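Have a look at run.cif; it's mmCIF, C-alpha atoms and all ligand atoms:
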data_protein
#
loop_
_atom_site.label_atom_id
_atom_site.label_comp_id
_atom_site.auth_asym_id
_atom_site.auth_seq_id
_atom_site.Cartn_x
_atom_site.Cartn_y
_atom_site.Cartn_z
CA MET A 162 104.91 154.52 31.80
CA THR A 163 102.40 157.33 32.28
CA THR A 164 98.90 156.72 33.48
CA ASN A 165 95.77 158.83 33.41
CA ALA A 166 94.28 157.06 36.42
CA PRO A 167 92.69 159.64 38.74
CA ALA A 168 94.27 160.07 42.15
CA VAL A 169 92.61 158.26 45.01
CA SER A 170 90.81 160.38 47.59
CA ARG A 171 91.18 160.37 51.33
CA THR A 172 88.55 161.01 53.96
CA LEU A 173 88.64 161.48 57.70
CA VAL A 174 86.49 159.00 59.60
CA LEU A 175 85.99 159.29 63.34
CA VAL A 176 84.57 156.50 65.45
CA LYS A 177 82.92 158.76 68.02
CA PRO A 178 83.09 158.04 71.79
CA ASP A 179 79.82 156.06 71.72
CA GLY A 180 81.26 153.73 69.08
CA VAL A 181 84.53 153.22 70.94
CA ARG A 182 82.69 152.71 74.27
CA ARG A 183 80.36 150.11 72.76
CA GLY A 184 83.26 148.17 71.27
CA LEU A 185 82.20 148.87 67.68
CA SER A 186 85.54 150.20 66.38
CA GLY A 187 86.47 146.85 64.84
CA GLU A 188 83.05 146.41 63.22
CA ILE A 189 83.23 149.90 61.69
CA LEU A 190 86.79 149.35 60.40
CA ARG A 191 85.65 145.99 59.02
CA ARG A 192 82.88 147.65 57.03
CA ILE A 193 85.31 150.23 55.59
CA GLU A 194 87.73 147.48 54.53
CA ALA A 195 84.97 145.17 53.29
CA LYS A 196 83.82 147.94 50.95
CA GLY A 197 87.32 147.90 49.49
CA TYR A 198 88.78 151.07 50.99
CA THR A 199 92.27 151.14 52.47
CA LEU A 200 93.11 152.21 56.01
CA ALA A 201 95.92 154.75 55.55
CA ALA A 202 96.14 155.78 59.23
CA VAL A 203 94.40 154.75 62.45
CA GLN A 204 94.95 156.33 65.85
CA LEU A 205 93.11 156.39 69.16
CA VAL A 206 92.93 160.06 70.20
CA THR A 207 91.76 161.84 73.33
CA PRO A 208 90.85 165.14 71.69
CA SER A 209 91.13 168.56 73.32
CA ARG A 210 88.23 171.01 73.36
CA GLU A 211 90.28 173.23 71.03
CA LEU A 212 90.64 170.43 68.46
CA LEU A 213 86.90 169.68 68.56
CA GLU A 214 85.86 173.33 68.31
CA GLU A 215 88.09 173.63 65.24
CA HIS A 216 86.81 170.36 63.77
CA TYR A 217 83.17 171.46 64.20
CA ALA A 218 83.79 175.17 63.40
CA GLU A 219 80.94 175.17 60.82
CA HIS A 220 78.47 174.34 63.62
CA GLN A 221 79.56 177.09 66.05
CA GLY A 222 76.48 178.96 67.31
CA LYS A 223 74.01 176.13 66.61
CA PRO A 224 71.99 174.82 69.58
CA PHE A 225 73.60 171.36 69.39
CA PHE A 226 77.17 172.71 69.27
CA GLU A 227 78.01 172.66 72.99
CA PRO A 228 76.33 169.30 73.72
CA LEU A 229 78.11 167.89 70.66
CA VAL A 230 81.52 169.06 71.88
CA GLU A 231 80.79 167.72 75.39
CA PHE A 232 79.77 164.35 73.92
CA MET A 233 82.93 164.23 71.80
CA LEU A 234 84.97 164.94 74.95
CA SER A 235 83.34 162.04 76.81
CA GLY A 236 85.92 159.43 75.79
CA PRO A 237 88.52 158.47 73.25
CA VAL A 238 87.84 158.76 69.54
CA LEU A 239 89.29 156.47 66.85
CA ALA A 240 90.62 158.71 64.07
CA VAL A 241 90.96 157.00 60.69
CA VAL A 242 92.15 158.10 57.27
CA ALA A 243 90.41 155.92 54.67
CA GLU A 244 91.56 155.93 51.07
CA GLY A 245 90.08 154.96 47.71
CA HIS A 246 88.28 156.26 44.65
CA GLY A 247 85.09 157.98 45.72
CA VAL A 248 85.74 157.35 49.41
CA ILE A 249 84.31 160.70 50.59
CA PRO A 250 80.72 160.14 49.40
CA GLY A 251 81.26 156.39 49.67
CA PHE A 252 81.91 156.45 53.39
CA ARG A 253 78.98 158.82 53.96
CA SER A 254 76.78 156.22 52.24
CA LEU A 255 78.18 153.52 54.51
CA ALA A 256 77.53 155.76 57.57
CA GLY A 257 73.90 156.52 56.72
CA ALA A 258 71.69 159.46 57.66
CA THR A 259 72.75 161.70 60.56
CA ASP A 260 69.76 160.62 62.69
CA PRO A 261 70.23 156.92 63.50
CA THR A 262 66.47 156.44 63.83
CA ALA A 263 66.06 157.50 60.19
CA ALA A 264 69.24 155.87 58.86
CA ALA A 265 68.62 152.97 56.49
CA PRO A 266 69.30 149.39 57.55
CA GLY A 267 72.60 148.28 56.04
CA THR A 268 74.35 151.48 57.15
CA VAL A 269 76.52 151.89 60.25
CA ARG A 270 74.05 154.25 61.89
CA GLY A 271 71.00 152.29 60.70
CA ASP A 272 72.30 148.91 61.87
CA LEU A 273 74.20 149.89 65.00
CA GLY A 274 72.79 153.23 66.14
CA ARG A 275 69.61 154.30 67.91
CA ASP A 276 68.06 157.20 69.80
CA TRP A 277 69.21 156.99 73.40
CA GLY A 278 66.92 159.83 74.52
CA LEU A 279 69.91 162.06 75.14
CA LYS A 280 70.34 165.73 74.30
CA VAL A 281 72.79 165.10 71.48
CA THR A 282 72.71 162.89 68.43
CA GLN A 283 75.01 159.98 69.23
CA ASN A 284 75.54 158.49 65.81
CA LEU A 285 78.77 156.49 66.08
CA VAL A 286 80.78 157.98 63.21
CA HIS A 287 81.89 161.12 61.45
CA GLY A 288 82.87 161.30 57.79
CA SER A 289 84.24 164.30 55.89
CA ASP A 290 81.67 165.85 53.53
CA SER A 291 83.92 167.25 50.75
CA GLU A 292 87.50 167.23 49.43
CA GLU A 293 88.10 170.55 51.21
CA SER A 294 86.72 169.28 54.54
CA ALA A 295 88.74 166.08 54.24
CA ALA A 296 92.02 167.95 53.68
CA ARG A 297 91.29 170.31 56.57
CA GLU A 298 90.19 167.56 58.95
CA ILE A 299 93.05 165.15 58.13
CA ALA A 300 95.54 167.96 58.84
CA LEU A 301 93.81 168.62 62.18
CA TRP A 302 93.67 165.03 63.42
CA PHE A 303 96.95 163.83 61.85
CA PRO A 304 99.19 166.90 61.96
CA ALA A 305 102.29 164.91 61.02
CA ALA A 306 100.69 163.05 58.06
P1 LIG B 401 79.27 164.05 60.80
O1 LIG B 401 79.70 165.47 60.52
O2 LIG B 401 79.46 163.63 62.24
O3 LIG B 401 79.81 163.05 59.80
O4 LIG B 401 77.69 163.96 60.62
P2 LIG B 401 76.77 164.70 59.57
O5 LIG B 401 77.59 165.39 58.53
O6 LIG B 401 75.76 163.68 59.17
O7 LIG B 401 76.07 165.77 60.48
P3 LIG B 401 76.37 167.32 60.71
O8 LIG B 401 75.18 168.09 60.25
O9 LIG B 401 77.72 167.70 60.17
O10 LIG B 401 76.40 167.42 62.29
C1 LIG B 401 77.55 167.02 63.00
C2 LIG B 401 77.13 166.17 64.17
O11 LIG B 401 76.43 166.97 65.11
C3 LIG B 401 75.44 166.18 65.76
N1 LIG B 401 74.14 166.77 65.48
N2 LIG B 401 73.20 166.82 66.37
N3 LIG B 401 69.97 168.42 65.81
C4 LIG B 401 70.90 167.73 66.47
O12 LIG B 401 70.73 167.35 67.61
C5 LIG B 401 72.17 167.44 65.79
N4 LIG B 401 72.46 167.79 64.56
C6 LIG B 401 73.73 167.35 64.35
C7 LIG B 401 75.55 164.77 65.19
O13 LIG B 401 76.42 164.05 66.04
C8 LIG B 401 76.17 165.04 63.84
O14 LIG B 401 76.83 163.89 63.35
MG MG B 402 79.17 166.80 59.01
#
Have the structure of the file written as structure tokens, please.
Amino acid sequence: MTTNAPAVSRTLVLVKPDGVRRGLSGEILRRIEAKGYTLAAVQLVTPSRELLEEHYAEHQGKPFFEPLVEFMLSGPVLAVVAEGHGVIPGFRSLAGATDPTAAAPGTVRGDLGRDWGLKVTQNLVHGSDSEESAAREIALWFPAA
């Protein structure tokens, strides 16, 4: 039987070091699953500087780049591949606005994040922003997948 059903998408989610440190990994995975997405891969990673500089290549040269990399090096990161129709914009909706102070209640950043008065935006999660970013980032964080 042939089917015209569109292929499901995949996105890379990272629970950043602040989320892992605060014990929010389970809550964030719960929200992804409760929305109906599938967890295709989950791995606790201690990333290298090289991996992070590659991951955040688009932000090289910006004032927050070095503090961001230092923050991401501050502890383990939970790397997740989430799968489902529309998961790339869908997870970004679940995550909320980049600034947790501005993020809407109901979102991960709006419900669980805040401004800690630190020099970098600690906002609990990363989510790929396009099909191209997702493919690139999944290959970086899950080289064998
Ligand atoms: P993400 O990539 O982590 O999913 O977040 P995003 O798309 O909402 O934000 P993006 O613009 O890609 O920035 C990546 C991360 O850098 C930190 N950031 N700090 N002005 C600042 O202090 C600033 N701007 C960005 C945040 O951790 C942001 O998630
Ligand atoms: Mg981004």
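Residues in contact with His246 in chain A at up to 10 Å, not including ones fewer than 3 positions away on its chain and judged by all atoms listed in the file, are Pro167, Ala168, Val169, Ser170, Arg171, Gly197, Tyr198, Ile249, Pro250 and Gly251 of chain A.
Counting only C-alpha atoms and all ligand atoms and comparing A:Pro237, A:Glu211, A:Glu244, A:Pro224, the residue that lies closest to ligand LIG 401 (chain B) is A:Pro224.
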Atom-to-atom span, atom P2 of ligand LIG 401 (chain B) and CA of Ala218 in chain A, Å:
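Atom P2 of ligand LIG 401 (chain B) sits 13.2 Å away from CA of Ala218 in chain A.
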Please build the interface table for chain A against ligand LIG 401 (chain B) with a cut-off of 6 Å, listing for each qualifying residue the nearest atom pair and the distance in Å to one decimal; count all atoms listed in the file, order rows by chain and increasing number, and write it as CSV.
residue,atom,partner,partner_atom,distance
A:Phe225,CA,B:LIG401,O12,5.2
A:Leu229,CA,B:LIG401,C3,5.8
A:Thr259,CA,B:LIG401,O6,3.9
A:Val281,CA,B:LIG401,O12,4.9
A:Thr282,CA,B:LIG401,N2,4.5
A:Gln283,CA,B:LIG401,O13,5.4
A:Asn284,CA,B:LIG401,O13,5.6
A:Val286,CA,B:LIG401,O2,5.9
A:His287,CA,B:LIG401,O3,3.3
A:Gly288,CA,B:LIG401,O3,4.1
With only C-alpha atoms and all ligand atoms as the basis for distance, which of A:Arg253, A:Arg275, A:Arg191, A:Lys223 is at the shortest distance from ligand MG 402 (chain B)?
A:Arg253
Could you tell me how far CA of Ile299 in chain A sits from CA of Val248 in chain A, in Å to one decimal place?
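Separating CA of Val248 in chain A from CA of Ile299 in chain A is a distance of 13.8 Å.
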Which is closest to ligand MG 402 (chain B) among A:Leu212, A:Ile189, A:Ala258, A:Val181, if we use all atoms listed in the file?
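With all atoms listed in the file as the atom set, the closest residue is A:Ala258.
Picture a line from CA of Ala202 in chain A to CA of Leu301 in chain A; it runs 13.4 Å.
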Residue nearest Leu234 in chain A - candidates A:Gly222, A:Ala256, A:Ala166, A:Pro208, atoms counted: only C-alpha atoms:
A:Pro208
Reconstructed range 262-287 of chain A, atom set N, CA and C atoms, as a PDB file, keeping the file's coordinate frame:
ATOM      1  N   THR A 262      67.835 156.981  63.921  1.00  0.00           N
ATOM      2  CA  THR A 262      66.470 156.440  63.830  1.00  0.00           C
ATOM      3  C   THR A 262      66.010 156.406  62.371  1.00  0.00           C
ATOM      4  N   ALA A 263      66.466 157.397  61.597  1.00  0.00           N
ATOM      5  CA  ALA A 263      66.060 157.500  60.190  1.00  0.00           C
ATOM      6  C   ALA A 263      67.022 156.783  59.255  1.00  0.00           C
ATOM      7  N   ALA A 264      68.222 156.455  59.741  1.00  0.00           N
ATOM      8  CA  ALA A 264      69.240 155.870  58.860  1.00  0.00           C
ATOM      9  C   ALA A 264      68.793 154.496  58.372  1.00  0.00           C
ATOM     10  N   ALA A 265      69.072 154.227  57.102  1.00  0.00           N
ATOM     11  CA  ALA A 265      68.620 152.970  56.490  1.00  0.00           C
ATOM     12  C   ALA A 265      69.345 151.768  57.066  1.00  0.00           C
ATOM     13  N   PRO A 266      68.632 150.649  57.223  1.00  0.00           N
ATOM     14  CA  PRO A 266      69.300 149.390  57.550  1.00  0.00           C
ATOM     15  C   PRO A 266      70.384 149.104  56.505  1.00  0.00           C
ATOM     16  N   GLY A 267      71.476 148.516  56.938  1.00  0.00           N
ATOM     17  CA  GLY A 267      72.600 148.280  56.040  1.00  0.00           C
ATOM     18  C   GLY A 267      73.708 149.311  56.250  1.00  0.00           C
ATOM     19  N   THR A 268      73.350 150.455  56.845  1.00  0.00           N
ATOM     20  CA  THR A 268      74.350 151.480  57.150  1.00  0.00           C
ATOM     21  C   THR A 268      74.839 151.319  58.589  1.00  0.00           C
ATOM     22  N   VAL A 269      75.984 151.956  58.875  1.00  0.00           N
ATOM     23  CA  VAL A 269      76.520 151.890  60.250  1.00  0.00           C
ATOM     24  C   VAL A 269      75.496 152.438  61.234  1.00  0.00           C
ATOM     25  N   ARG A 270      74.986 153.634  60.928  1.00  0.00           N
ATOM     26  CA  ARG A 270      74.050 154.250  61.890  1.00  0.00           C
ATOM     27  C   ARG A 270      72.715 153.515  61.909  1.00  0.00           C
ATOM     28  N   GLY A 271      72.272 152.995  60.762  1.00  0.00           N
ATOM     29  CA  GLY A 271      71.000 152.290  60.700  1.00  0.00           C
ATOM     30  C   GLY A 271      71.050 150.927  61.376  1.00  0.00           C
ATOM     31  N   ASP A 272      72.186 150.248  61.271  1.00  0.00           N
ATOM     32  CA  ASP A 272      72.300 148.910  61.870  1.00  0.00           C
ATOM     33  C   ASP A 272      72.693 148.965  63.345  1.00  0.00           C
ATOM     34  N   LEU A 273      73.543 149.925  63.680  1.00  0.00           N
ATOM     35  CA  LEU A 273      74.200 149.890  65.000  1.00  0.00           C
ATOM     36  C   LEU A 273      73.798 151.029  65.918  1.00  0.00           C
ATOM     37  N   GLY A 274      73.129 152.061  65.351  1.00  0.00           N
ATOM     38  CA  GLY A 274      72.790 153.230  66.140  1.00  0.00           C
ATOM     39  C   GLY A 274      71.329 153.263  66.523  1.00  0.00           C
ATOM     40  N   ARG A 275      71.009 154.101  67.501  1.00  0.00           N
ATOM     41  CA  ARG A 275      69.610 154.300  67.910  1.00  0.00           C
ATOM     42  C   ARG A 275      69.523 155.605  68.674  1.00  0.00           C
ATOM     43  N   ASP A 276      68.307 156.017  68.972  1.00  0.00           N
ATOM     44  CA  ASP A 276      68.060 157.200  69.800  1.00  0.00           C
ATOM     45  C   ASP A 276      68.118 156.760  71.251  1.00  0.00           C
ATOM     46  N   TRP A 277      69.055 157.346  72.001  1.00  0.00           N
ATOM     47  CA  TRP A 277      69.210 156.990  73.400  1.00  0.00           C
ATOM     48  C   TRP A 277      68.447 157.956  74.314  1.00  0.00           C
ATOM     49  N   GLY A 278      67.679 158.866  73.720  1.00  0.00           N
ATOM     50  CA  GLY A 278      66.920 159.830  74.520  1.00  0.00           C
ATOM     51  C   GLY A 278      67.799 160.891  75.145  1.00  0.00           C
ATOM     52  N   LEU A 279      68.974 161.103  74.577  1.00  0.00           N
ATOM     53  CA  LEU A 279      69.910 162.060  75.140  1.00  0.00           C
ATOM     54  C   LEU A 279      69.827 163.367  74.378  1.00  0.00           C
ATOM     55  N   LYS A 280      70.510 164.391  74.892  1.00  0.00           N
ATOM     56  CA  LYS A 280      70.340 165.730  74.300  1.00  0.00           C
ATOM     57  C   LYS A 280      71.181 165.930  73.044  1.00  0.00           C
ATOM     58  N   VAL A 281      71.990 164.959  72.681  1.00  0.00           N
ATOM     59  CA  VAL A 281      72.790 165.100  71.480  1.00  0.00           C
ATOM     60  C   VAL A 281      72.692 163.826  70.650  1.00  0.00           C
ATOM     61  N   THR A 282      72.782 164.016  69.343  1.00  0.00           N
ATOM     62  CA  THR A 282      72.710 162.890  68.430  1.00  0.00           C
ATOM     63  C   THR A 282      73.974 162.044  68.526  1.00  0.00           C
ATOM     64  N   GLN A 283      73.861 160.891  69.140  1.00  0.00           N
ATOM     65  CA  GLN A 283      75.010 159.980  69.230  1.00  0.00           C
ATOM     66  C   GLN A 283      74.880 159.030  68.050  1.00  0.00           C
ATOM     67  N   ASN A 284      75.732 159.218  67.067  1.00  0.00           N
ATOM     68  CA  ASN A 284      75.540 158.490  65.810  1.00  0.00           C
ATOM     69  C   ASN A 284      76.813 157.783  65.330  1.00  0.00           C
ATOM     70  N   LEU A 285      77.671 157.456  66.270  1.00  0.00           N
ATOM     71  CA  LEU A 285      78.770 156.490  66.080  1.00  0.00           C
ATOM     72  C   LEU A 285      79.952 156.953  65.227  1.00  0.00           C
ATOM     73  N   VAL A 286      79.684 157.662  64.131  1.00  0.00           N
ATOM     74  CA  VAL A 286      80.780 157.980  63.210  1.00  0.00           C
ATOM     75  C   VAL A 286      80.656 159.395  62.659  1.00  0.00           C
ATOM     76  N   HIS A 287      81.796 159.900  62.252  1.00  0.00           N
ATOM     77  CA  HIS A 287      81.890 161.120  61.450  1.00  0.00           C
ATOM     78  C   HIS A 287      82.565 160.757  60.139  1.00  0.00           C
TER      79      HIS A 287
END
